[in-house]
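Text of data.txt (compact mmCIF, C-alpha atoms) as supplied:
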# COMPACT_ATOMS: atom_id res chain seq x y z
CA ILE X 1 -3.55 -27.81 5.26
CA ASP X 2 -4.03 -30.90 7.46
CA GLU X 3 -3.64 -29.28 10.91
CA ASN X 4 -0.44 -31.21 11.62
CA GLU X 5 2.59 -29.54 13.16
CA ILE X 6 5.35 -28.98 10.59
CA VAL X 7 8.39 -28.41 12.78
CA LYS X 8 9.54 -26.63 15.92
CA VAL X 9 11.76 -23.58 15.45
CA HIS X 10 13.97 -22.02 18.11
CA ALA X 11 12.47 -18.83 19.51
CA GLY X 12 15.10 -16.17 19.98
CA GLY X 13 14.84 -13.78 22.88
CA GLU X 14 16.31 -10.54 24.14
CA GLU X 15 19.86 -11.91 24.28
CA ASP X 16 19.69 -13.13 20.69
CA ILE X 17 18.42 -9.75 19.54
CA ASP X 18 21.22 -8.04 21.42
CA ASP X 19 23.81 -10.31 19.81
CA ALA X 20 22.37 -9.58 16.37
CA VAL X 21 22.39 -5.83 16.97
CA LYS X 22 26.02 -5.99 18.11
CA ALA X 23 26.93 -7.95 14.99
CA ALA X 24 25.15 -5.40 12.81
CA ARG X 25 26.90 -2.49 14.54
CA ALA X 26 30.30 -4.16 14.13
CA ALA X 27 29.68 -4.73 10.42
CA LEU X 28 28.51 -1.15 10.00
CA LYS X 29 31.67 0.22 11.61
CA GLY X 30 33.86 -2.31 9.82
CA PRO X 31 33.85 -3.81 6.33
CA TRP X 32 30.39 -2.78 5.16
CA SER X 33 31.09 0.95 5.41
CA HIS X 34 34.10 0.58 3.10
CA ILE X 35 32.19 -1.19 0.33
CA SER X 36 31.08 1.10 -2.48
CA GLY X 37 27.48 1.46 -3.55
CA THR X 38 28.33 -0.17 -6.86
CA VAL X 39 29.63 -3.29 -5.12
CA ARG X 40 26.64 -3.32 -2.75
CA GLY X 41 24.41 -3.36 -5.81
CA GLU X 42 26.38 -6.25 -7.33
CA MET X 43 25.96 -8.26 -4.12
CA MET X 44 22.22 -7.60 -4.15
CA ARG X 45 21.93 -8.76 -7.76
CA LYS X 46 23.89 -11.90 -6.92
CA LEU X 47 21.53 -12.57 -4.02
CA ALA X 48 18.57 -12.15 -6.38
CA ASP X 49 20.12 -14.62 -8.83
CA LEU X 50 20.68 -17.16 -6.06
CA VAL X 51 17.08 -16.80 -4.89
CA ASP X 52 15.78 -17.18 -8.44
CA ALA X 53 17.60 -20.51 -8.70
CA VAL X 54 15.58 -21.96 -5.81
CA THR X 55 12.20 -20.38 -6.58
CA ASN X 56 10.26 -23.63 -6.37
CA GLU X 57 11.93 -24.69 -3.13
CA LEU X 58 11.10 -21.38 -1.45
CA ALA X 59 7.56 -21.38 -2.83
CA THR X 60 7.01 -24.95 -1.63
CA ILE X 61 8.10 -24.00 1.88
CA ASP X 62 5.88 -20.90 2.01
CA THR X 63 2.85 -22.80 0.74
CA TRP X 64 3.46 -25.47 3.37
CA ASN X 65 4.01 -22.95 6.16
CA ASN X 66 1.50 -20.25 5.15
CA GLY X 67 -1.22 -22.10 3.24
CA LYS X 68 -1.17 -19.80 0.22
CA ARG X 69 -1.45 -21.10 -3.33
CA PHE X 70 1.80 -22.46 -4.76
CA SER X 71 1.53 -20.13 -7.75
CA SER X 72 1.07 -17.18 -5.39
CA ALA X 73 4.10 -18.25 -3.40
CA GLN X 74 6.11 -18.39 -6.63
CA GLY X 75 4.97 -14.84 -7.27
CA ASP X 76 6.20 -13.83 -3.83
CA VAL X 77 9.67 -15.14 -4.67
CA GLY X 78 9.54 -13.04 -7.83
CA GLU X 79 8.58 -10.04 -5.72
CA LEU X 80 11.62 -10.60 -3.50
CA THR X 81 14.06 -10.84 -6.41
CA GLY X 82 12.42 -7.97 -8.25
CA VAL X 83 12.74 -5.67 -5.25
CA LEU X 84 16.37 -6.70 -4.71
CA ARG X 85 17.26 -5.86 -8.31
CA TYR X 86 15.25 -2.64 -8.26
CA TYR X 87 17.05 -1.25 -5.22
CA ALA X 88 20.41 -2.60 -6.38
CA GLY X 89 20.14 0.06 -9.06
CA PHE X 90 19.80 2.76 -6.41
CA ALA X 91 22.85 1.64 -4.41
CA ASP X 92 25.33 3.89 -6.28
CA LYS X 93 22.89 6.65 -7.16
CA GLN X 94 22.35 8.41 -3.85
CA TYR X 95 23.28 12.05 -4.31
CA GLY X 96 23.59 15.08 -2.10
CA GLN X 97 22.97 18.64 -3.24
CA VAL X 98 24.92 21.85 -3.53
CA ILE X 99 22.78 24.64 -2.13
CA SER X 100 23.07 28.25 -3.20
CA THR X 101 23.14 30.64 -0.23
CA THR X 102 25.44 33.71 -0.25
CA GLU X 103 28.77 34.49 -1.89
CA LYS X 104 30.53 33.88 1.42
CA LYS X 105 29.07 30.45 2.12
CA PHE X 106 29.36 27.17 0.27
CA ALA X 107 26.76 24.62 1.42
CA TYR X 108 26.06 21.06 0.45
CA THR X 109 24.37 17.92 1.70
CA THR X 110 25.57 14.33 1.83
CA VAL X 111 23.51 11.15 1.89
CA GLY X 112 24.40 8.14 4.02
CA PRO X 113 22.86 5.20 5.86
CA ILE X 114 20.83 5.59 9.03
CA GLY X 115 22.74 2.79 10.76
CA VAL X 116 21.40 -0.40 12.31
CA CYS X 117 17.82 -1.04 11.22
CA GLY X 118 15.41 -3.36 12.98
CA GLN X 119 12.75 -4.90 10.74
CA ILE X 120 9.65 -6.86 11.75
CA ILE X 121 7.68 -8.56 9.00
CA PRO X 122 4.24 -10.22 8.92
CA TRP X 123 3.14 -13.74 8.03
CA ASN X 124 0.94 -13.04 5.01
CA TYR X 125 3.80 -12.38 2.54
CA PRO X 126 7.00 -13.52 4.29
CA LEU X 127 9.40 -13.37 1.35
CA GLY X 128 7.88 -10.32 -0.30
CA MET X 129 7.89 -8.35 2.94
CA ALA X 130 11.48 -9.39 3.65
CA GLY X 131 12.43 -7.94 0.28
CA TRP X 132 10.53 -4.70 0.90
CA LYS X 133 12.50 -4.20 4.11
CA ILE X 134 15.95 -5.60 3.39
CA ALA X 135 16.53 -4.33 -0.16
CA PRO X 136 16.29 -0.55 0.37
CA ALA X 137 18.14 -0.79 3.66
CA LEU X 138 21.10 -2.58 2.06
CA ALA X 139 21.12 -0.30 -0.98
CA ALA X 140 21.44 2.70 1.33
CA GLY X 141 24.34 1.07 3.23
CA ASN X 142 22.58 0.03 6.43
CA CYS X 143 22.90 -3.21 8.37
CA VAL X 144 19.72 -5.01 9.36
CA VAL X 145 18.24 -7.23 12.04
CA LEU X 146 15.12 -8.90 10.67
CA LYS X 147 12.51 -10.70 12.77
CA PRO X 148 10.10 -12.87 10.78
CA ALA X 149 6.60 -13.59 12.04
CA GLU X 150 6.47 -16.53 14.45
CA GLN X 151 3.80 -18.18 12.26
CA THR X 152 5.99 -18.28 9.12
CA PRO X 153 9.70 -18.60 9.93
CA LEU X 154 10.67 -21.35 7.51
CA SER X 155 11.15 -19.64 4.15
CA ILE X 156 13.11 -16.84 5.82
CA LEU X 157 15.45 -19.40 7.40
CA PHE X 158 16.02 -20.90 3.95
CA PHE X 159 16.61 -17.38 2.60
CA ALA X 160 19.13 -16.73 5.39
CA ASP X 161 21.20 -19.66 4.16
CA ILE X 162 21.18 -18.16 0.65
CA VAL X 163 22.35 -14.79 2.01
CA LYS X 164 25.56 -16.40 3.25
CA LYS X 165 26.40 -17.43 -0.33
CA ALA X 166 25.98 -13.93 -1.79
CA GLY X 167 29.16 -12.46 -0.31
CA PHE X 168 27.79 -10.07 2.28
CA PRO X 169 30.17 -9.53 5.21
CA PRO X 170 29.07 -11.18 8.48
CA GLY X 171 26.67 -9.01 10.45
CA VAL X 172 25.20 -7.09 7.52
CA ILE X 173 22.02 -9.19 7.41
CA ASN X 174 20.92 -10.79 10.68
CA ILE X 175 17.76 -12.86 11.03
CA VAL X 176 16.33 -13.76 14.44
CA ASN X 177 13.22 -15.91 14.80
CA GLY X 178 11.09 -15.28 17.84
CA PHE X 179 7.77 -14.17 19.21
CA GLY X 180 6.64 -10.60 18.76
CA SER X 181 6.09 -10.09 22.47
CA THR X 182 9.70 -11.00 23.27
CA ALA X 183 12.10 -10.78 20.32
CA GLY X 184 10.02 -8.19 18.47
CA ALA X 185 9.64 -6.03 21.56
CA ALA X 186 13.35 -6.28 22.33
CA LEU X 187 14.22 -5.17 18.80
CA ALA X 188 11.80 -2.24 18.82
CA ALA X 189 13.05 -1.03 22.20
CA HIS X 190 16.78 -1.67 21.65
CA MET X 191 18.85 1.42 22.44
CA ASP X 192 21.42 0.70 19.72
CA VAL X 193 18.92 0.32 16.89
CA ASP X 194 18.62 3.49 14.81
CA LYS X 195 15.43 2.68 12.91
CA ILE X 196 12.58 0.23 13.17
CA ALA X 197 10.37 -0.79 10.25
CA PHE X 198 7.23 -2.78 11.00
CA THR X 199 4.38 -4.32 9.03
CA GLY X 200 1.48 -5.83 10.94
CA SER X 201 -1.68 -4.98 12.83
CA THR X 202 -2.54 -1.48 13.98
CA ALA X 203 -2.58 -2.55 17.63
CA THR X 204 0.94 -3.99 17.37
CA GLY X 205 2.06 -0.97 15.35
CA ARG X 206 1.07 1.30 18.24
CA GLU X 207 3.13 -0.83 20.62
CA VAL X 208 6.12 -0.80 18.27
CA ALA X 209 5.94 2.99 18.07
CA ARG X 210 5.78 3.22 21.87
CA LEU X 211 8.80 0.97 22.30
CA ALA X 212 10.72 2.78 19.56
CA ALA X 213 10.37 5.99 21.54
CA SER X 214 12.94 4.59 23.99
CA ASN X 215 15.69 6.30 21.98
CA LEU X 216 13.52 8.21 19.48
CA LYS X 217 14.58 5.87 16.69
CA GLU X 218 13.17 6.51 13.25
CA ILE X 219 10.10 4.47 12.39
CA THR X 220 8.25 3.23 9.35
CA ILE X 221 4.97 1.51 10.16
CA GLU X 222 2.52 -0.14 7.78
CA SER X 223 -0.45 -1.37 9.75
CA GLY X 224 -4.08 -2.35 9.32
CA GLY X 225 -6.72 -1.39 6.82
CA LYS X 226 -10.41 -1.58 6.01
CA SER X 227 -10.18 -0.37 2.46
CA PRO X 228 -13.24 0.75 0.48
CA LEU X 229 -13.98 -0.12 -3.13
CA LEU X 230 -16.48 2.11 -4.93
CA VAL X 231 -18.44 0.87 -7.94
CA PHE X 232 -20.29 3.61 -9.82
CA GLU X 233 -23.23 3.10 -12.15
CA ASP X 234 -21.09 3.57 -15.27
CA ALA X 235 -18.45 1.00 -14.27
CA ASP X 236 -17.52 -1.99 -16.40
CA LEU X 237 -19.27 -4.45 -14.10
CA ASN X 238 -17.48 -7.56 -15.33
CA GLN X 239 -14.11 -5.98 -14.62
CA ALA X 240 -15.34 -4.47 -11.35
CA VAL X 241 -16.47 -7.91 -10.17
CA LYS X 242 -13.21 -9.63 -11.11
CA TRP X 243 -11.03 -6.98 -9.48
CA SER X 244 -13.28 -6.75 -6.41
CA HIS X 245 -13.03 -10.50 -5.97
CA TYR X 246 -9.25 -10.40 -6.29
CA GLY X 247 -9.04 -7.41 -3.95
CA ILE X 248 -10.65 -9.21 -1.03
CA MET X 249 -10.42 -12.96 -1.67
CA ALA X 250 -6.82 -13.33 -2.89
CA ASN X 251 -4.36 -14.79 -0.38
CA GLN X 252 -7.31 -16.07 1.68
CA GLY X 253 -8.28 -12.44 2.35
CA GLN X 254 -5.08 -12.01 4.37
CA ILE X 255 -4.07 -8.73 2.72
CA CYS X 256 -3.48 -5.49 4.59
CA THR X 257 -4.88 -3.48 1.67
CA ALA X 258 -7.85 -5.82 1.08
CA THR X 259 -10.75 -3.85 -0.40
CA SER X 260 -13.25 -5.45 1.95
CA ARG X 261 -15.92 -2.71 2.04
CA ILE X 262 -17.53 -2.80 -1.41
CA LEU X 263 -19.83 0.19 -1.93
CA VAL X 264 -21.96 -0.11 -5.08
CA HIS X 265 -24.27 2.45 -6.68
CA GLU X 266 -27.89 1.46 -6.11
CA LYS X 267 -28.61 1.31 -9.86
CA VAL X 268 -26.19 -1.60 -10.34
CA TYR X 269 -26.12 -2.99 -6.79
CA HIS X 270 -28.22 -6.11 -7.38
CA GLN X 271 -26.56 -6.94 -10.69
CA PHE X 272 -23.10 -6.50 -9.19
CA THR X 273 -23.96 -8.61 -6.14
CA GLU X 274 -25.24 -11.51 -8.24
CA LEU X 275 -22.19 -11.40 -10.52
CA PHE X 276 -19.90 -11.24 -7.49
CA LYS X 277 -21.59 -14.27 -5.94
CA GLU X 278 -21.17 -16.23 -9.17
CA ARG X 279 -17.51 -15.27 -9.31
CA VAL X 280 -16.93 -16.47 -5.75
CA LYS X 281 -18.80 -19.74 -6.38
CA SER X 282 -16.60 -20.49 -9.39
CA CYS X 283 -13.36 -20.46 -7.38
CA LYS X 284 -12.12 -23.68 -5.80
CA ILE X 285 -11.19 -24.00 -2.13
CA GLY X 286 -8.66 -26.75 -1.57
CA ASN X 287 -5.10 -27.97 -1.47
CA PRO X 288 -2.91 -24.95 -2.28
CA TYR X 289 -0.53 -27.14 -4.30
CA ASP X 290 -3.31 -27.98 -6.78
CA SER X 291 -3.08 -25.77 -9.85
CA ASP X 292 -6.85 -25.14 -9.98
CA THR X 293 -7.14 -24.04 -6.34
CA PHE X 294 -7.88 -20.36 -5.73
CA GLN X 295 -8.19 -20.36 -1.94
CA GLY X 296 -6.15 -22.34 0.55
CA PRO X 297 -6.44 -22.47 4.35
CA GLN X 298 -5.99 -19.58 6.75
CA VAL X 299 -2.46 -19.31 8.11
CA SER X 300 -3.18 -20.78 11.55
CA LYS X 301 -5.86 -22.07 13.87
CA ALA X 302 -5.86 -18.74 15.70
CA GLN X 303 -6.49 -16.81 12.49
CA TYR X 304 -9.12 -19.33 11.38
CA GLU X 305 -10.99 -18.89 14.66
CA ARG X 306 -10.64 -15.11 14.50
CA VAL X 307 -12.24 -14.93 11.05
CA LEU X 308 -15.06 -17.27 12.07
CA SER X 309 -15.74 -15.12 15.14
CA PHE X 310 -16.17 -12.08 12.90
CA ILE X 311 -18.59 -14.01 10.70
CA GLU X 312 -20.63 -14.98 13.76
CA SER X 313 -20.57 -11.35 14.90
CA GLY X 314 -21.98 -10.24 11.56
CA LYS X 315 -24.79 -12.77 11.80
CA ALA X 316 -25.56 -11.78 15.39
CA GLU X 317 -25.73 -8.08 14.50
CA GLY X 318 -28.27 -8.75 11.77
CA ALA X 319 -26.29 -8.67 8.54
CA THR X 320 -27.37 -11.07 5.80
CA VAL X 321 -25.03 -13.86 4.75
CA ALA X 322 -25.48 -13.78 0.97
CA LEU X 323 -22.93 -16.54 0.46
CA GLY X 324 -20.61 -18.74 2.52
CA GLY X 325 -20.11 -18.09 6.18
CA GLN X 326 -19.09 -21.60 7.24
CA PRO X 327 -15.87 -23.52 7.88
CA VAL X 328 -14.89 -26.04 5.22
CA ALA X 329 -13.08 -29.35 5.62
CA VAL X 330 -10.81 -30.43 2.77
CA ASN X 331 -10.18 -34.16 3.07
CA GLY X 332 -11.67 -33.87 6.53
CA LYS X 333 -9.17 -31.36 7.90
CA GLY X 334 -7.62 -27.94 7.52
CA PHE X 335 -8.28 -24.34 8.50
CA PHE X 336 -10.44 -23.57 5.46
CA ILE X 337 -13.29 -21.05 5.46
CA GLU X 338 -15.94 -20.50 2.81
CA PRO X 339 -15.47 -17.13 1.11
CA THR X 340 -18.20 -15.06 2.70
CA ILE X 341 -20.37 -12.21 1.41
CA PHE X 342 -22.41 -10.05 3.75
CA THR X 343 -25.18 -7.71 2.62
CA ASP X 344 -27.56 -5.53 4.65
CA ALA X 345 -24.73 -4.55 6.98
CA SER X 346 -24.94 -1.14 8.61
CA ASP X 347 -21.87 1.06 8.84
CA ASP X 348 -21.65 0.70 12.62
CA MET X 349 -21.36 -3.09 12.59
CA LYS X 350 -18.13 -4.72 13.71
CA ILE X 351 -17.68 -6.54 10.39
CA TYR X 352 -17.91 -3.21 8.55
CA ARG X 353 -15.57 -1.24 10.79
CA GLU X 354 -12.84 -3.65 11.91
CA GLU X 355 -10.14 -5.40 9.93
CA ILE X 356 -11.05 -9.10 9.61
CA PHE X 357 -8.05 -10.30 7.60
CA GLY X 358 -9.93 -13.13 5.98
CA PRO X 359 -12.13 -13.94 2.95
CA VAL X 360 -15.07 -11.80 4.04
CA ALA X 361 -16.60 -9.04 1.88
CA ILE X 362 -19.32 -6.57 2.80
CA ILE X 363 -21.38 -5.24 -0.13
CA SER X 364 -23.49 -2.15 0.48
CA ALA X 365 -25.46 0.22 -1.77
CA PHE X 366 -25.06 4.00 -2.03
CA LYS X 367 -27.18 6.67 -3.72
CA THR X 368 -24.85 9.59 -4.43
CA GLU X 369 -21.18 10.29 -4.99
CA ASP X 370 -21.06 12.40 -1.82
CA GLU X 371 -22.52 9.53 0.21
CA ALA X 372 -20.01 7.08 -1.24
CA LEU X 373 -17.09 9.37 -0.42
CA ARG X 374 -18.33 10.09 3.11
CA ARG X 375 -18.80 6.41 3.89
CA ALA X 376 -15.50 5.45 2.31
CA ASN X 377 -13.68 7.90 4.58
CA ASP X 378 -15.65 6.97 7.71
CA THR X 379 -12.91 4.77 9.16
CA ILE X 380 -9.86 4.97 11.40
CA TYR X 381 -7.85 3.40 8.58
CA GLY X 382 -6.43 4.90 5.43
CA LEU X 383 -4.31 2.36 3.60
CA GLY X 384 -5.93 1.74 0.22
CA ALA X 385 -9.05 2.41 -1.82
CA ALA X 386 -10.38 1.51 -5.26
CA ILE X 387 -12.72 3.30 -7.67
CA PHE X 388 -14.55 1.79 -10.63
CA THR X 389 -15.96 4.24 -13.17
CA GLN X 390 -15.60 5.10 -16.85
CA ASP X 391 -15.72 8.82 -16.00
CA ILE X 392 -12.04 9.80 -15.80
CA THR X 393 -12.84 13.23 -14.31
CA ARG X 394 -14.85 11.65 -11.51
CA ALA X 395 -12.12 9.07 -10.95
CA HIS X 396 -9.38 11.65 -10.45
CA LEU X 397 -11.52 13.94 -8.30
CA ILE X 398 -12.52 11.13 -5.95
CA ALA X 399 -8.98 9.74 -5.87
CA ASN X 400 -7.85 13.07 -4.44
CA LYS X 401 -10.65 13.19 -1.87
CA ILE X 402 -10.34 9.65 -0.52
CA GLU X 403 -8.38 9.51 2.72
CA ALA X 404 -5.93 6.77 1.78
CA GLY X 405 -2.27 6.43 1.00
CA MET X 406 -2.99 4.50 -2.21
CA VAL X 407 -5.89 4.63 -4.64
CA TRP X 408 -6.53 2.25 -7.52
CA ILE X 409 -8.67 3.38 -10.45
CA ASN X 410 -10.38 0.46 -12.23
CA SER X 411 -8.24 -2.14 -10.44
CA SER X 412 -7.57 -3.30 -6.90
CA ASN X 413 -4.45 -4.42 -5.08
CA ASP X 414 -2.19 -4.57 -8.13
CA SER X 415 0.64 -2.92 -6.20
CA ASP X 416 4.03 -2.41 -7.82
CA PHE X 417 7.40 -2.14 -6.06
CA ARG X 418 8.27 0.91 -8.19
CA ILE X 419 5.38 2.85 -6.64
CA PRO X 420 5.33 4.14 -3.02
CA PHE X 421 3.26 2.06 -0.60
CA GLY X 422 1.84 3.21 2.72
CA GLY X 423 -1.14 4.65 4.53
CA VAL X 424 -2.57 7.55 6.48
CA LYS X 425 -4.55 7.73 9.71
CA GLN X 426 -4.01 4.55 11.76
CA SER X 427 -2.74 2.62 8.75
CA GLY X 428 0.82 3.70 9.22
CA ILE X 429 3.67 6.18 9.19
CA GLY X 430 5.98 6.71 6.23
CA ARG X 431 6.30 4.95 2.89
CA GLU X 432 7.96 1.85 1.49
CA LEU X 433 8.81 0.97 -2.12
CA GLY X 434 9.65 3.26 -5.01
CA GLU X 435 12.20 6.00 -4.49
CA GLU X 436 10.48 6.86 -1.20
CA GLY X 437 11.47 3.42 0.05
CA ILE X 438 15.21 4.09 -0.06
CA ARG X 439 14.82 7.63 1.25
CA ALA X 440 13.32 6.08 4.37
CA TYR X 441 16.67 4.36 5.00
CA THR X 442 18.95 7.34 4.39
CA SER X 443 20.30 10.12 6.57
CA ARG X 444 21.11 13.55 5.18
CA ARG X 445 23.88 15.75 6.56
CA SER X 446 24.14 19.48 5.87
CA VAL X 447 27.63 20.95 5.55
CA HIS X 448 28.23 24.71 5.87
CA VAL X 449 31.56 26.02 4.52
CA ASN X 450 32.62 29.54 5.45
CA VAL X 451 34.42 31.06 2.46
CA GLY X 452 34.95 34.60 3.67
CA ASN X 453 32.52 35.53 6.41
CA VAL X 454 34.97 37.00 8.96
CA LEU X 455 33.90 38.10 12.43

Can you turn what I pasted into structure tokens?
Amino acid sequence: IDENEIVKVHAGGEEDIDDAVKAARAALKGPWSHISGTVRGEMMRKLADLVDAVTNELATIDTWNNGKRFSSAQGDVGELTGVLRYYAGFADKQYGQVISTTEKKFAYTTVGPIGVCGQIIPWNYPLGMAGWKIAPALAAGNCVVLKPAEQTPLSILFFADIVKKAGFPPGVINIVNGFGSTAGAALAAHMDVDKIAFTGSTATGREVARLAASNLKEITIESGGKSPLLVFEDADLNQAVKWSHYGIMANQGQICTATSRILVHEKVYHQFTELFKERVKSCKIGNPYDSDTFQGPQVSKAQYERVLSFIESGKAEGATVALGGQPVAVNGKGFFIEPTIFTDASDDMKIYREEIFGPVAIISAFKTEDEALRRANDTIYGLGAAIFTQDITRAHLIANKIEAGMVWINSSNDSDFRIPFGGVKQSGIGRELGEEGIRAYTSRRSVHVNVGNVL
């Protein structure tokens, strides 16, 4: 907000990660494995209740550390507690199957935890992402070692103190602050970690996958995106504008699923663009603790400079800045950037193809449905996509042709922890949330029982 240092936090290294993994393994072999799923669920609900009681404290810390709006940070706390309660319900409802084979064989499967799970979370939604990782892992009976992003360690440290009050045995939940290149790498490569779950950039996701191959540990990766949003000529333009604005400008544009490539049918392109500009102009940039602020500062100086470099790249390549495109000082300081709209950008430009992770939208016109679909899919990413149309047949047909793990019809980025989340292509491996989320933290064993097959 004011560019001042908040606090210094100890950076854990390889030894700290190793200690945490040993603690997790000891808990897994000891008390945690003897606790029933029902009791695990009760502990998770208690943790959610304890977090609820300090919602404003946690939100204040995240706004201070991350720069997001206070109301958004409050929502992130609600996401954490909601996910904890959701998966608490799964804790005693993991079932195997009896499988029919022959009259001389009885076969069944059992469901259990994977083991020790390493988890690396990003800085854009620290508390929400912690919940997405920790909750299904605990419900399935795993022990975890969580590494927060080095940019946003503070709310997770506060959360760690709350964990101790919820009754979990020592070693079940371990949190180690540190840099990705040291602590994160050590966790991903650790030979006694059975699974690694990562959310972050595609480049880092590739490195995590490479390190995880050290012992062929299971992986779940949610990485970058450059999600398209298609606006057809029959769309409700007022709703399309509001959702499009939310889909790229919320959280300072620091959203992995941000619908940053807005493709609009040529018949409504100019009208949409003008309405979108008016929507952006109406939103206040400022102190994230102010109730009327929509956009706060970028998370760090490095991210601020990265976003500005993309804006300069767009200008240099010949795209038109329809709005914004400049840094903003609030009370003379802060890593604030004007929400930026580019038009006249070709599909081969850097701003169109690469993830910016900031408040930068590209609006481009299309002529036909086939063109829109081809351009939407012309990307290495495949995390999310949005479609705006009143034609329900068209909506469903396009939703099934878009190369993305998630598609919104007449909305954008209103994700729900009851619905699977994840991407295709270079946007990730596996799924989080929903029932798929807990399956990703379970191991299935097949048992064959000979009941009369004599050699």

Which is closest to Leu211 of chain X among X:Met406, X:Ala185, X:Leu230, X:Ile6, if we use all atoms listed in the file?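 Of X:Met406, X:Ala185, X:Leu230, X:Ile6, the one nearest Leu211 of chain X, counting all atoms listed in the file, is X:Ala185.
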
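Every protein, DNA or RNA residue with an atom at most 12 Å from Ala302 of chain X, where only C-alpha atoms count and chain neighbours fewer than 5 positions away do not, is listed here: Glu3, Gln151, Pro297, Val307, Leu308, Ser309, Phe335, Phe357 and Gly358 of chain X.
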
Can I get the selected residues back with C-alpha atoms, as a PDB file, in the coordinates of the input?
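Generated file (part-v6.pdb):
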ATOM      1  CA  GLU X   3      -3.640 -29.280  10.910  1.00  0.00           C
ATOM      2  CA  GLN X 151       3.800 -18.180  12.260  1.00  0.00           C
ATOM      3  CA  PRO X 297      -6.440 -22.470   4.350  1.00  0.00           C
ATOM      4  CA  VAL X 307     -12.240 -14.930  11.050  1.00  0.00           C
ATOM      5  CA  LEU X 308     -15.060 -17.270  12.070  1.00  0.00           C
ATOM      6  CA  SER X 309     -15.740 -15.120  15.140  1.00  0.00           C
ATOM      7  CA  PHE X 335      -8.280 -24.340   8.500  1.00  0.00           C
ATOM      8  CA  PHE X 357      -8.050 -10.300   7.600  1.00  0.00           C
ATOM      9  CA  GLY X 358      -9.930 -13.130   5.980  1.00  0.00           C
TER      10      GLY X 358
END

Smallest atom-to-atom distance to Gly200 of chain X: which of X:Trp123, X:Lys133, X:Leu84, X:Gln239, using all atoms listed in the file?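 Once distances to Gly200 of chain X are computed over all atoms listed in the file, the minimum belongs to X:Trp123.
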
Kindly give the distance, in Å, that separates atom CA of Ala376 of chain X and atom CA of Arg206 of chain X, rounded to a single decimal.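 Between these atoms lies a distance of 23.4 Å.
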
Have a look at atom CA of Ser411 of chain X and atom CA of His245 of chain X and let me know their distance in Å, one decimal.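 Answer for the atom CA of Ser411 of chain X to atom CA of His245 of chain X separation: 10.6 Å.
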